[in-house]
Number of protein chains: 2
Amino acid sequence: MSAKIFPTAQDAENAFYEALERADLEGMMAVWSEDEEIVCVHPAGQRLAGQEQVREAWRQMFAGGPGMRVQVAQQVAVTGMMVAVHSVHENITVTGEPRARPPMVATNVYLRTPAGWRMIVHHASPAPGEAAAETAPPGPAAPKILH
Amino acid sequence: MSAKIFPTAQDAENAFYEALERADLEGMMAVWSEDEEIVCVHPAGQRLAGQEQVREAWRQMFAGGPGMRVQVAQQVAVTGMMVAVHSVHENITVTGEPRARPPMVATNVYLRTPAGWRMIVHHASPAPGEAAAETAPPGPAAPKILH
């Protein structure tokens, strides 16, 4: 799994979502950094830190095999020499469900390592207000929960 | 608001949570980068991108004045020359509520700019499984929602 080299952060991101669609555990873990601290937050899930926790959660999620399509949209990216930060919307369609689920918003952080670009953070959460906000008048809708 | 210089990412993070507690809009916006793309995701909220959206959401949230204490815990940090990525748990107590709310997990990304360290991403979401997970046997709990 260490053989894969991603020449850009975008290549790593593409591989991440391909592995997610294929429920491919080795493909997924090949995207993540092996040397740095890694953090993964699934929607409504606790924080997973470190290779072991991150891998185990994907293993459980992929146990049922592939079953979803993920369309990534509206990317906002800040790209540096060594680090890239992507914010994306994930539009997920699950096999057998008639329509797409509400979008997720994900923060993905990649690091340039000696073995190419690797993911160090994936933080995803539901973005329920998105569809309404896109057709709303200027100015964002108020956040639903006081932070 | 441009006068503040944060010598480290941690200084910027401290100022972020102080501004949050004080409901201090100018203090909050002084933490954010003015030149880069910025992204803010409040718990269960849509993605806010750019100075205008981010500021307007904080303005609305701070309109009622200060009323919460935020205790930051369990930081996982990846720090580079130009970028720092912090993952933290936020334990929030709201004035008038008898007990702390369930923890939030936040991904905070900071960039080293000519004007010191500034925030470019804040992504927070509820981490409901956290308390249980901390006393659970080895291995993380399964994420609550298939991603």
# chains A, B, ... in the order shown; residues from 1 in each chain; ligands from 1
>>> select_by_dssp(residues="segment 4-121 of chain B", states="alpha helix (DSSP H)", output="number ranges by chain")
B: 9-22, 25-29, 51-62
>>> residues_around(residues="Ala124 of chain A", least_positions_apart="6", cutoff="7 Å", atoms="only C-alpha atoms", output="PyMOL selection string")
chain A and resi 41-43+104-107
>>> write_last_selection(atoms="N, CA and C atoms", output="CSV table (one decimal), in the first residue's frame")
chain,number,residue,atom,x,y,z
A,41,VAL,N,-12.9,12.7,11.0
A,41,VAL,CA,-14.2,12.9,11.7
A,41,VAL,C,-15.3,12.5,10.7
A,42,HIS,N,-16.0,11.5,10.9
A,42,HIS,CA,-17.1,11.1,10.0
A,42,HIS,C,-18.3,11.9,10.5
A,43,PRO,N,-19.3,12.1,9.6
A,43,PRO,CA,-20.5,12.8,10.0
A,43,PRO,C,-21.1,12.3,11.3
A,104,MET,N,-22.9,16.8,2.3
A,104,MET,CA,-21.9,16.9,3.4
A,104,MET,C,-20.9,18.0,3.0
A,105,VAL,N,-20.4,18.7,4.0
A,105,VAL,CA,-19.3,19.5,3.8
A,105,VAL,C,-18.1,18.9,4.4
A,106,ALA,N,-17.0,18.8,3.7
A,106,ALA,CA,-15.8,18.2,4.2
A,106,ALA,C,-14.5,19.1,4.1
A,107,THR,N,-13.7,19.1,5.1
A,107,THR,CA,-12.4,19.7,5.1
A,107,THR,C,-11.4,18.6,5.0
>>> atom_distance(atom1="atom CA of Gly45 of chain B", atom2="atom CA of Tyr110 of chain A")
23.8 Å
>>> select_by_dssp(residues="chain B", states="strand (DSSP E)", output="PyMOL selection string")
chain B and resi 39-41+47-49+68-79+83-94+104-113+116-126
>>> atom_distance(atom1="atom CA of Leu111 of chain A", atom2="atom CA of Leu111 of chain B")
13.9 Å
>>> closest_residue(among="B:Ala100, B:Ala115, B:Ala44, B:Val88", to="chain A", atoms="only C-alpha atoms")
B:Ala44
>>> decode(residues="segment 46-103 of chain A", atoms="C-alpha atoms", output="mmCIF file, in the first residue's frame")
data_model
loop_
_atom_site.group_PDB
_atom_site.id
_atom_site.type_symbol
_atom_site.label_atom_id
_atom_site.label_comp_id
_atom_site.auth_asym_id
_atom_site.auth_seq_id
_atom_site.Cartn_x
_atom_site.Cartn_y
_atom_site.Cartn_z
ATOM 1 C CA GLN A 46 -16.405 11.016 17.222
ATOM 2 C CA ARG A 47 -12.883 12.084 16.321
ATOM 3 C CA LEU A 48 -10.622 9.265 15.192
ATOM 4 C CA ALA A 49 -6.907 9.882 15.675
ATOM 5 C CA GLY A 50 -4.011 7.760 14.446
ATOM 6 C CA GLN A 51 -3.681 5.010 11.854
ATOM 7 C CA GLU A 52 -5.291 2.319 13.949
ATOM 8 C CA GLN A 53 -8.531 4.148 14.745
ATOM 9 C CA VAL A 54 -8.877 5.620 11.266
ATOM 10 C CA ARG A 55 -8.294 2.271 9.569
ATOM 11 C CA GLU A 56 -10.649 0.363 11.857
ATOM 12 C CA ALA A 57 -13.517 2.794 11.198
ATOM 13 C CA TRP A 58 -13.077 2.534 7.424
ATOM 14 C CA ARG A 59 -12.865 -1.266 7.741
ATOM 15 C CA GLN A 60 -16.216 -1.320 9.496
ATOM 16 C CA MET A 61 -17.776 1.091 7.013
ATOM 17 C CA PHE A 62 -16.493 -0.876 4.031
ATOM 18 C CA ALA A 63 -17.477 -4.273 5.440
ATOM 19 C CA GLY A 64 -20.744 -4.264 3.509
ATOM 20 C CA GLY A 65 -19.025 -3.606 0.185
ATOM 21 C CA PRO A 66 -19.436 -0.701 -2.204
ATOM 22 C CA GLY A 67 -22.791 1.038 -2.407
ATOM 23 C CA MET A 68 -22.448 4.752 -2.875
ATOM 24 C CA ARG A 69 -21.552 7.373 -5.437
ATOM 25 C CA VAL A 70 -19.887 10.541 -4.257
ATOM 26 C CA GLN A 71 -19.943 13.679 -6.363
ATOM 27 C CA VAL A 72 -17.525 16.304 -5.135
ATOM 28 C CA ALA A 73 -18.447 19.920 -5.820
ATOM 29 C CA GLN A 74 -17.736 23.541 -4.959
ATOM 30 C CA GLN A 75 -14.130 23.029 -3.961
ATOM 31 C CA VAL A 76 -12.386 25.866 -2.158
ATOM 32 C CA ALA A 77 -8.646 25.201 -2.023
ATOM 33 C CA VAL A 78 -5.670 26.812 -0.348
ATOM 34 C CA THR A 79 -2.520 25.217 -1.697
ATOM 35 C CA GLY A 80 0.969 25.785 -0.360
ATOM 36 C CA MET A 81 4.312 24.177 -1.041
ATOM 37 C CA MET A 82 3.895 21.540 1.644
ATOM 38 C CA VAL A 83 0.246 21.640 2.663
ATOM 39 C CA ALA A 84 -3.046 21.817 0.789
ATOM 40 C CA VAL A 85 -6.420 22.494 2.380
ATOM 41 C CA HIS A 86 -9.547 21.611 0.422
ATOM 42 C CA SER A 87 -13.119 22.372 1.426
ATOM 43 C CA VAL A 88 -15.658 20.459 -0.658
ATOM 44 C CA HIS A 89 -19.286 19.513 -0.771
ATOM 45 C CA GLU A 90 -19.959 15.797 -1.054
ATOM 46 C CA ASN A 91 -23.174 14.829 -2.784
ATOM 47 C CA ILE A 92 -23.762 11.202 -1.897
ATOM 48 C CA THR A 93 -26.143 8.806 -3.596
ATOM 49 C CA VAL A 94 -26.622 5.436 -1.937
ATOM 50 C CA THR A 95 -27.590 2.432 -4.042
ATOM 51 C CA GLY A 96 -31.278 1.658 -3.610
ATOM 52 C CA GLU A 97 -32.183 5.119 -2.426
ATOM 53 C CA PRO A 98 -34.277 7.127 -4.892
ATOM 54 C CA ARG A 99 -32.540 10.468 -4.398
ATOM 55 C CA ALA A 100 -29.284 12.021 -3.286
ATOM 56 C CA ARG A 101 -28.762 12.606 0.413
ATOM 57 C CA PRO A 102 -28.367 16.131 1.752
ATOM 58 C CA PRO A 103 -24.860 17.362 1.033
#
